[in-house]
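K.L.:
Below you'll find the structure I mean.
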Amino acid sequence: MVAHRYRHRDHWRRRALALSDACGLAAALVLATSLAGGGVSTGHVWWALLTLPAWTILFAAYGLYSRELKRVSHSTVDDVPWLFHALIVGTLLSWLYYEVVDRPVPTRELLVFAALAFVGVLVLRAVGRRVVGAVLARERVLLIGEGEVTAALVRKIRSHSEYGLDPVGLLCSDEEPERAQVPVLGEIGDLATAARRHSIDRVLVSNSGLSSHDQVALLRACRELGVKVSLLPQMFDAMGPSVEVDDVEGVTVLGLNPPVMSRGSRLAKRGIDVCGVLALALPAGLLMLLSALAIKLTSRGPVFFRQRRVGRAGRPFEVIKFRTMYRDAEERLEDLRRQSRDPNWLLLDHDPRITPVGRFLRMCSLDELPQLWNVLRGEMSLVGPRPLIESEDRLVDGWGRSRLALTPGITGFWQVLGRTNIPFDEMVKLDYLYVANWSVWSDIRLILRTLPAVLSQRGAN
């Protein structure tokens, strides 16, 4: 019964994605024929539509229907590299297909098709996921581990509805289970009973407090029950998405990034920054002009706000932002600290120092646009650790200091995952994981995820 529930959900998720892909590919075929081929040929379109089953098989071979079944936070952005590669291979195979059926297709038409299919499939996949998430029930999650770890997991799950998870309960031997924020359904030995009684779809295991024997027995039990398993590694604080699974004669080994970033990687990161700023120059310039006029016309004081921040390797620099507060904001700071929800930095639900225009700029993150100048000067990056003021930076010590190995960014994990909703200590941990697991794709992925995060206004303050 347990397995049937999640398999039913996964069944419809896979078919929704396949239908989205077929619609995106079909639309791209018709548009490419019309735009690049000089008109729609009914016969040609029918031959093209016959290739749709083959495209589905190709996408399945690239894991575009199965990869997210193992993951919790999989999104359409994560499909980009696999979809891009699959479309390249599929387009080449399509060229061979048309040569075989003696209906040659111009190269220009195939290139237009590939570009349209890439955009169309991504958009429709995002729509399909949203529809499935709205129609189907959330995955019911049973957590296993000690209260301190699971409490953080429950809070993170509940703050990100896009994961589609519903934390139902906890199995542990903790003496203070109330910290977990979910009902305690028993101990580890009660797994089978709890899974069946509460219709569990996924088990999320923290190995805190578990022996290796308990972990193996637990995984075997989950397999027999037919529920999905997500396992926190023992050193999860030092790992991230770039971990590679390797083996030495059958012994599983996890490979981490080298501790030193190569010169080529730094050049690639700098290239992304410069190209990104140049691409954003025109639209950002227009938005900055309108923002500056709104600030000047509605409140006294300068248009820009400059503040000393700590940059790469601890070197200070002056960050530039649009002024969003009244001129006496600094004088009122100490009086407001007593109301802060976080002892490490000022975190208020409603800061009275913010102007009406400033509130709008902050909600839309438009106040960050002048930092593109910092990026152009090399003081900041498009993606990176959060640039802290000196008083906040002094609170970071030990392994957290390695967050300064890369240039601070306009956006990053802290921006995408919740901004001010994230406690200070967890922000430091996210910055550390970003630096330890940096890759070109991680920067591109975070840039692509920033716009939806800004539009949703999650954590904006």
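Convention: chains lettered A, B, ... in structure tokens order; per-chain residue numbering from 1; ligands numbered from 1 as shown.
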Contacts of segment 81-90 of chain A at 9 Å or less, counting only C-alpha atoms, minus same-chain residues fewer than 6 places along, as a ChimeraX atom specification?

P.N.:
/A:54-55,58-59,61-64,114-115,117-118,121-122,441

K.L.:
Next, write the just-selected residues to a file, as a short mmCIF file (atom, residue, chain, number, x, y, z; two decimals), in the first residue's frame, keeping N, CA, C and O atoms as the atom set.

P.N.:
data_model
loop_
_atom_site.label_atom_id
_atom_site.label_comp_id
_atom_site.auth_asym_id
_atom_site.auth_seq_id
_atom_site.Cartn_x
_atom_site.Cartn_y
_atom_site.Cartn_z
N ALA A 54 10.72 8.59 -30.22
CA ALA A 54 12.17 8.43 -30.12
C ALA A 54 12.77 9.50 -29.20
O ALA A 54 13.71 9.24 -28.43
N TRP A 55 12.23 10.73 -29.26
CA TRP A 55 12.70 11.79 -28.37
C TRP A 55 12.43 11.42 -26.91
O TRP A 55 13.26 11.66 -26.03
N LEU A 58 14.99 8.98 -25.82
CA LEU A 58 16.29 9.66 -25.65
C LEU A 58 16.32 10.43 -24.33
O LEU A 58 17.30 10.36 -23.58
N PHE A 59 15.26 11.18 -24.04
CA PHE A 59 15.20 11.94 -22.79
C PHE A 59 15.24 11.00 -21.59
O PHE A 59 15.85 11.32 -20.57
N ALA A 61 16.74 8.14 -21.50
CA ALA A 61 18.11 7.66 -21.39
C ALA A 61 19.00 8.66 -20.67
O ALA A 61 19.98 8.29 -20.01
N TYR A 62 18.67 9.94 -20.77
CA TYR A 62 19.42 11.00 -20.07
C TYR A 62 18.89 11.23 -18.65
O TYR A 62 19.34 12.16 -17.98
N GLY A 63 17.97 10.42 -18.21
CA GLY A 63 17.47 10.52 -16.84
C GLY A 63 16.52 11.66 -16.60
O GLY A 63 16.28 12.04 -15.44
N LEU A 64 15.93 12.20 -17.65
CA LEU A 64 15.06 13.37 -17.49
C LEU A 64 13.69 13.01 -16.90
O LEU A 64 12.89 13.91 -16.61
N ALA A 114 16.18 23.24 -32.59
CA ALA A 114 16.89 22.95 -31.35
C ALA A 114 16.74 24.09 -30.35
O ALA A 114 16.50 23.86 -29.15
N ALA A 115 16.88 25.33 -30.84
CA ALA A 115 16.76 26.49 -29.95
C ALA A 115 15.34 26.62 -29.39
O ALA A 115 15.14 26.83 -28.19
N ALA A 117 13.06 24.23 -29.20
CA ALA A 117 12.75 23.07 -28.35
C ALA A 117 13.35 23.24 -26.97
O ALA A 117 12.71 22.89 -25.96
N PHE A 118 14.56 23.77 -26.89
CA PHE A 118 15.20 23.97 -25.59
C PHE A 118 14.36 24.88 -24.70
O PHE A 118 14.07 24.57 -23.54
N VAL A 121 10.59 23.24 -24.14
CA VAL A 121 10.54 22.10 -23.23
C VAL A 121 10.77 22.56 -21.79
O VAL A 121 10.08 22.11 -20.87
N LEU A 122 11.72 23.46 -21.58
CA LEU A 122 11.97 23.96 -20.21
C LEU A 122 10.74 24.66 -19.64
O LEU A 122 10.36 24.43 -18.48
N TRP A 441 28.81 25.46 -13.45
CA TRP A 441 27.38 25.15 -13.51
C TRP A 441 26.66 25.62 -12.25
O TRP A 441 25.52 26.07 -12.31
#

K.L.:
Segment 267-459 of chain A: which residues are strand (DSSP E) by DSSP, as an MDAnalysis selection string?

P.N.:
chainID A and resid 304:310 316:322 381:383 388:389 409:411

K.L.:
Could those selected residues go to a file with C-alpha atoms, as a CSV table (one decimal), in the first residue's frame?

P.N.:
chain,number,residue,atom,x,y,z
A,304,PHE,CA,23.2,55.9,-3.4
A,305,PHE,CA,24.1,54.2,-0.1
A,306,ARG,CA,27.8,53.3,0.4
A,307,GLN,CA,28.9,50.9,3.1
A,308,ARG,CA,32.2,49.2,4.0
A,309,ARG,CA,32.0,45.4,3.5
A,310,VAL,CA,34.5,42.6,3.8
A,316,PRO,CA,37.5,45.6,2.7
A,317,PHE,CA,35.7,47.4,-0.1
A,318,GLU,CA,32.8,49.9,-0.4
A,319,VAL,CA,29.6,48.4,-1.6
A,320,ILE,CA,27.2,50.6,-3.6
A,321,LYS,CA,23.4,50.2,-3.3
A,322,PHE,CA,20.4,52.4,-3.7
A,381,SER,CA,30.9,38.7,-8.3
A,382,LEU,CA,27.4,38.0,-9.7
A,383,VAL,CA,27.4,34.9,-7.5
A,388,LEU,CA,29.1,41.1,5.4
A,389,ILE,CA,29.8,44.3,7.3
A,409,GLY,CA,28.3,38.0,-4.7
A,410,ILE,CA,25.1,39.9,-5.5
A,411,THR,CA,23.3,36.6,-5.3

K.L.:
Figure out the distance between atom CA of Ile200 of chain A and atom CA of Lys228 of chain A, please, to one decimal in Å.

P.N.:
9.1 Å

K.L.:
Got a sec: who's within 12 Å of Ser402 of chain A, counting only C-alpha atoms, leaving out chain neighbours fewer than 6 positions off, as a ChimeraX atom specification?

P.N.:
/A:238,259-260,311-314,385,393,396,408,428-436

K.L.:
Could you tell me which of A:Arg377, A:Arg9, A:Arg300, A:His350 comes closest to Val135 of chain A if we count only C-alpha atoms?

P.N.:
A:Arg9

K.L.:
Using only C-alpha atoms, can you tell me which of A:Asp21, A:Arg223, A:Gly164, A:Pro387 comes closest to Leu191 of chain A?

P.N.:
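Comparing A:Asp21, A:Arg223, A:Gly164, A:Pro387 against Leu191 of chain A, the winner is A:Arg223.
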
K.L.:
What is the distance, in Å and to one decimal place, between atom CA of Arg323 of chain A and atom CA of Leu286 of chain A?

P.N.:
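Spanning atom CA of Arg323 of chain A to atom CA of Leu286 of chain A is a straight-line distance of 17.2 Å.
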
K.L.:
Just to confirm, what's the straight-line distance from atom CA of Thr76 of chain A to atom CA of Leu17 of chain A in Å (one decimal)?

P.N.:
10.5 Å

K.L.:
Based on the backbone DSSP call, show me all residues of segment 130-190 of chain A assigned helix (DSSP H, G or I), as an NGL selection string.

P.N.:
:A and (130-135 or 147-159 or 161-163 or 177-180 or 188-190)

K.L.:
With only C-alpha atoms as the basis for distance, which of A:Ser265, A:Thr150, A:Val253, A:Ala281 is at the shortest distance from Leu232 of chain A?

P.N.:
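So, comparing all the options, the nearest one is A:Thr150.
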
K.L.:
Pick out the closest residue to Ser75 of chain A from this set: A:Cys172, A:Val182, A:Leu446, A:Leu372. Count only C-alpha atoms.

P.N.:
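Closest to Ser75 of chain A, using only C-alpha atoms: A:Leu446.
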
K.L.:
Show me, as a list in words, the residues that have an atom within 10 Å of Leu448 of chain A when counting only C-alpha atoms, minus same-chain residues fewer than 6 positions from it.

P.N.:
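Using only C-alpha atoms, the neighbours found are Val77, Asp78, Val416 and Ser442 of chain A.
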
K.L.:
Output C-alpha atoms of each residue in that selection to a file, as a compact mmCIF listing (two decimals), in the first residue's frame.

P.N.:
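As a result, selection_16.txt now contains:
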# COMPACT_ATOMS: atom_id res chain seq x y z
CA VAL A 77 16.80 24.46 -13.76
CA ASP A 78 18.54 21.19 -12.83
CA VAL A 416 17.88 31.92 -3.55
CA SER A 442 26.67 26.00 -9.85

K.L.:
Tell me which of A:Pro53, A:Leu366, A:Tyr98, A:Arg108 sits closest to Thr33 of chain A, counting only C-alpha atoms.

P.N.:
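Smallest separation from Thr33 of chain A among the options: A:Arg108.
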
K.L.:
Can you tell me which residues surround Ala134 of chain A at a distance of at most 12 Å, considering only C-alpha atoms, apart from same-chain residues fewer than 5 positions away, and format the answer as a VMD selection string?

P.N.:
chain A and resid 13 127 to 129 161 to 164
